[in-house]
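Engineer: Let me give you the structure first, and then I'll get to my questions.
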Amino acid sequence: MTEPSHKPITTRRVWMYTVGLTAGLAGLTWAWRQSGWGDVASHRGTAETQALWSLSFEQPDGESLPMKRFQGRPLLINFWATWCPPCIQELPLIESFYKQQGSNGCQVLALAVDQVEPVRQFLRRQPLSFPVALSGAQGISLTQQLGNTAQGLPFTLLLGAQGQLLQRKVGRLHEPDLAQWSQLL
């Protein structure tokens, strides 16, 4: 009985596989960009955000915060949690954005995907100038409805004055993100 012959893996074969894989990934990237799937501008409109305006959230002090209060002006919504380090790291940046853009009519709302007591404790240590409310565990499903398919935190949206989705980001915001978003207002 003869042993099956196996061709040894050569440098040329590895190079050919690498080139083929790279070309395939480049093609997929090009197709994804051409489809507009990753472009928020292609998702403009109020269909994703329409249901948001009928919701109401509890604030840490127990008061109700209806989303209707925010209609008619641009709104940045940040989903965060006290147990999420990137969320905590970006809050001072969002505070600065609010102080700069508030005079231009932009509002900010932080929705905590958290329980009331940790949020209260956090706000005692680090007060925020903009409204904070609790979305609780249901906040993750709400973020999914708003385009957060990864279900990650932090998750931030920028809505225009008509409620249209202008931008969204899963993950920590940075100054260049908010500088770019400011141009949309």
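Going by the structure tokens order, chains are called A, B, ..., each with residues numbered from 1, while ligands are numbered from 1 in the order shown.
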Where in region 50-156 of chain A does DSSP assign strand (DSSP E or B), given as a PyMOL selection string?

Structural biologist: chain A and resi 56-58+64-66+75-80+107-112+132-134+155-156

Engineer: Go ahead and save the residues from that selection, with C-alpha atoms, as an mmCIF file, in the first residue's frame.

Structural biologist:
```cif
data_model
loop_
_atom_site.group_PDB
_atom_site.id
_atom_site.type_symbol
_atom_site.label_atom_id
_atom_site.label_comp_id
_atom_site.auth_asym_id
_atom_site.auth_seq_id
_atom_site.Cartn_x
_atom_site.Cartn_y
_atom_site.Cartn_z
ATOM 1 C CA SER A 56 -41.098 57.996 29.110
ATOM 2 C CA PHE A 57 -38.216 57.197 31.448
ATOM 3 C CA GLU A 58 -37.785 57.463 35.190
ATOM 4 C CA SER A 64 -40.920 60.847 34.934
ATOM 5 C CA LEU A 65 -39.129 62.197 31.863
ATOM 6 C CA PRO A 66 -41.266 62.023 28.703
ATOM 7 C CA LEU A 75 -30.851 65.686 20.546
ATOM 8 C CA LEU A 76 -27.828 63.594 21.456
ATOM 9 C CA ILE A 77 -28.863 60.425 23.320
ATOM 10 C CA ASN A 78 -26.173 58.477 25.121
ATOM 11 C CA PHE A 79 -26.883 54.976 26.459
ATOM 12 C CA TRP A 80 -24.420 54.216 29.245
ATOM 13 C CA GLN A 107 -30.067 68.852 23.849
ATOM 14 C CA VAL A 108 -28.380 65.885 25.533
ATOM 15 C CA LEU A 109 -29.984 62.961 27.337
ATOM 16 C CA ALA A 110 -28.102 60.173 29.112
ATOM 17 C CA LEU A 111 -30.113 56.950 29.414
ATOM 18 C CA ALA A 112 -28.587 54.615 31.976
ATOM 19 C CA VAL A 132 -30.193 61.597 33.101
ATOM 20 C CA ALA A 133 -32.865 58.901 33.108
ATOM 21 C CA LEU A 134 -33.011 55.139 33.525
ATOM 22 C CA PHE A 155 -24.168 53.723 22.307
ATOM 23 C CA THR A 156 -24.818 57.270 21.160
#
```

Engineer: What is the distance, in Å and to one decimal place, between CA of Gly72 (chain A) and CA of Gln162 (chain A)?

Structural biologist: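 Separation between CA of Gly72 (chain A) and CA of Gln162 (chain A): 6.0 Å.
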
Engineer: Looking at only C-alpha atoms, which of A:Ser103, A:Ser96, A:Gln183, A:Gln145 is the one that sits closest to Ser129 (chain A)?

Structural biologist: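 For Ser129 (chain A), the nearest of the given residues is A:Ser96.
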
Engineer: Just how far from CA of Pro92 (chain A) is CA of Phe122 (chain A), in Å to one decimal?

Structural biologist: 12.9 Å

Engineer: Mind checking which residues fall within 12 Å of Gln100 (chain A), counting only C-alpha atoms, ignoring those fewer than 5 positions away in the same chain, and posting them as JSON, numbers by chain?

Structural biologist: {"A": [93, 94, 95, 105, 106, 107, 108, 129, 178, 179, 182, 185]}

Engineer: What does the distance from CA of Gln138 (chain A) to CA of Gln167 (chain A) come to in Å, to one decimal?

Structural biologist: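 Straight-line distance from CA of Gln138 (chain A) to CA of Gln167 (chain A) works out to 21.7 Å.
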
Engineer: Can you list, as a PyMOL selection string, every residue of region 74-142 of chain A that DSSP puts in helix (DSSP H, G or I)?

Structural biologist: chain A and resi 85-104+116-125+138-142

Engineer: Could the residues in this selection be saved with N, CA and C atoms as a JSON list (two decimals), in the first residue's frame?

Structural biologist:
```json
[["chain", "number", "residue", "atom", "x", "y", "z"],
["A", 85, "PRO", "N", -16.67, 51.04, 31.88],
["A", 85, "PRO", "CA", -15.57, 52.03, 31.89],
["A", 85, "PRO", "C", -15.56, 53.00, 30.71],
["A", 86, "PRO", "N", -15.75, 52.55, 29.44],
["A", 86, "PRO", "CA", -15.74, 53.53, 28.35],
["A", 86, "PRO", "C", -16.90, 54.54, 28.46],
["A", 87, "CYS", "N", -18.01, 54.09, 29.02],
["A", 87, "CYS", "CA", -19.15, 54.99, 29.23],
["A", 87, "CYS", "C", -18.77, 56.12, 30.18],
["A", 88, "ILE", "N", -18.15, 55.74, 31.27],
["A", 88, "ILE", "CA", -17.74, 56.72, 32.30],
["A", 88, "ILE", "C", -16.67, 57.66, 31.74],
["A", 89, "GLN", "N", -15.77, 57.11, 30.94],
["A", 89, "GLN", "CA", -14.69, 57.91, 30.37],
["A", 89, "GLN", "C", -15.20, 58.97, 29.40],
["A", 90, "GLU", "N", -16.29, 58.69, 28.68],
["A", 90, "GLU", "CA", -16.77, 59.65, 27.68],
["A", 90, "GLU", "C", -17.74, 60.69, 28.25],
["A", 91, "LEU", "N", -18.26, 60.49, 29.45],
["A", 91, "LEU", "CA", -19.24, 61.44, 29.99],
["A", 91, "LEU", "C", -18.70, 62.87, 30.13],
["A", 92, "PRO", "N", -17.46, 63.09, 30.57],
["A", 92, "PRO", "CA", -16.95, 64.48, 30.61],
["A", 92, "PRO", "C", -16.91, 65.12, 29.21],
["A", 93, "LEU", "N", -16.62, 64.35, 28.20],
["A", 93, "LEU", "CA", -16.62, 64.86, 26.83],
["A", 93, "LEU", "C", -18.03, 65.24, 26.40],
["A", 94, "ILE", "N", -19.00, 64.41, 26.75],
["A", 94, "ILE", "CA", -20.40, 64.71, 26.42],
["A", 94, "ILE", "C", -20.86, 65.95, 27.19],
["A", 95, "GLU", "N", -20.40, 66.09, 28.42],
["A", 95, "GLU", "CA", -20.71, 67.29, 29.22],
["A", 95, "GLU", "C", -20.18, 68.54, 28.51],
["A", 96, "SER", "N", -18.96, 68.49, 28.01],
["A", 96, "SER", "CA", -18.39, 69.62, 27.26],
["A", 96, "SER", "C", -19.19, 69.91, 26.00],
["A", 97, "PHE", "N", -19.56, 68.85, 25.27],
["A", 97, "PHE", "CA", -20.37, 69.00, 24.07],
["A", 97, "PHE", "C", -21.68, 69.71, 24.41],
["A", 98, "TYR", "N", -22.31, 69.31, 25.50],
["A", 98, "TYR", "CA", -23.58, 69.91, 25.92],
["A", 98, "TYR", "C", -23.39, 71.40, 26.22],
["A", 99, "LYS", "N", -22.34, 71.73, 26.92],
["A", 99, "LYS", "CA", -22.10, 73.13, 27.27],
["A", 99, "LYS", "C", -21.81, 73.98, 26.03],
["A", 100, "GLN", "N", -21.15, 73.40, 25.03],
["A", 100, "GLN", "CA", -20.83, 74.13, 23.80],
["A", 100, "GLN", "C", -22.04, 74.22, 22.87],
["A", 101, "GLN", "N", -22.76, 73.11, 22.71],
["A", 101, "GLN", "CA", -23.84, 73.04, 21.73],
["A", 101, "GLN", "C", -25.21, 73.42, 22.29],
["A", 102, "GLY", "N", -25.33, 73.47, 23.61],
["A", 102, "GLY", "CA", -26.62, 73.83, 24.21],
["A", 102, "GLY", "C", -27.09, 75.20, 23.77],
["A", 103, "SER", "N", -26.16, 76.12, 23.60],
["A", 103, "SER", "CA", -26.53, 77.47, 23.15],
["A", 103, "SER", "C", -27.01, 77.46, 21.70],
["A", 104, "ASN", "N", -26.68, 76.41, 20.96],
["A", 104, "ASN", "CA", -27.15, 76.25, 19.58],
["A", 104, "ASN", "C", -28.46, 75.48, 19.52],
["A", 116, "VAL", "N", -31.29, 52.19, 39.63],
["A", 116, "VAL", "CA", -31.36, 53.55, 40.13],
["A", 116, "VAL", "C", -30.25, 53.89, 41.15],
["A", 117, "GLU", "N", -29.98, 53.02, 42.10],
["A", 117, "GLU", "CA", -29.03, 53.38, 43.16],
["A", 117, "GLU", "C", -27.60, 53.58, 42.65],
["A", 118, "PRO", "N", -27.05, 52.72, 41.80],
["A", 118, "PRO", "CA", -25.72, 53.01, 41.27],
["A", 118, "PRO", "C", -25.66, 54.33, 40.48],
["A", 119, "VAL", "N", -26.74, 54.66, 39.78],
["A", 119, "VAL", "CA", -26.78, 55.91, 39.02],
["A", 119, "VAL", "C", -26.80, 57.10, 39.98],
["A", 120, "ARG", "N", -27.60, 57.01, 41.04],
["A", 120, "ARG", "CA", -27.63, 58.09, 42.04],
["A", 120, "ARG", "C", -26.24, 58.30, 42.65],
["A", 121, "GLN", "N", -25.59, 57.19, 43.02],
["A", 121, "GLN", "CA", -24.26, 57.30, 43.62],
["A", 121, "GLN", "C", -23.27, 57.93, 42.65],
["A", 122, "PHE", "N", -23.35, 57.52, 41.39],
["A", 122, "PHE", "CA", -22.45, 58.07, 40.38],
["A", 122, "PHE", "C", -22.68, 59.58, 40.24],
["A", 123, "LEU", "N", -23.94, 60.01, 40.16],
["A", 123, "LEU", "CA", -24.25, 61.42, 39.95],
["A", 123, "LEU", "C", -23.88, 62.28, 41.16],
["A", 124, "ARG", "N", -23.83, 61.68, 42.35],
["A", 124, "ARG", "CA", -23.34, 62.42, 43.52],
["A", 124, "ARG", "C", -21.84, 62.72, 43.38],
["A", 125, "ARG", "N", -21.11, 61.76, 42.82],
["A", 125, "ARG", "CA", -19.66, 61.93, 42.62],
["A", 125, "ARG", "C", -19.35, 62.80, 41.41],
["A", 138, "GLN", "N", -34.19, 47.13, 29.67],
["A", 138, "GLN", "CA", -34.90, 47.30, 28.40],
["A", 138, "GLN", "C", -34.14, 48.24, 27.46],
["A", 139, "GLY", "N", -33.20, 48.99, 28.01],
["A", 139, "GLY", "CA", -32.41, 49.91, 27.20],
["A", 139, "GLY", "C", -31.63, 49.21, 26.11],
["A", 140, "ILE", "N", -31.17, 48.00, 26.37],
["A", 140, "ILE", "CA", -30.41, 47.26, 25.35],
["A", 140, "ILE", "C", -31.32, 46.93, 24.17],
["A", 141, "SER", "N", -32.54, 46.47, 24.42],
["A", 141, "SER", "CA", -33.45, 46.19, 23.30],
["A", 141, "SER", "C", -33.83, 47.47, 22.57],
["A", 142, "LEU", "N", -33.93, 48.57, 23.30],
["A", 142, "LEU", "CA", -34.21, 49.86, 22.66],
["A", 142, "LEU", "C", -33.05, 50.26, 21.76]]
```

Engineer: With only C-alpha atoms as the basis for distance, which of A:Val113, A:Leu146, A:Leu184, A:Ala47 is at the shortest distance from Arg168 (chain A)?

Structural biologist: A:Leu146

Engineer: Taking into account only C-alpha atoms, which residue in the set A:Lys169, A:Arg73, A:His174, A:Lys68 is nearest to Gly152 (chain A)?

Structural biologist: A:Lys169
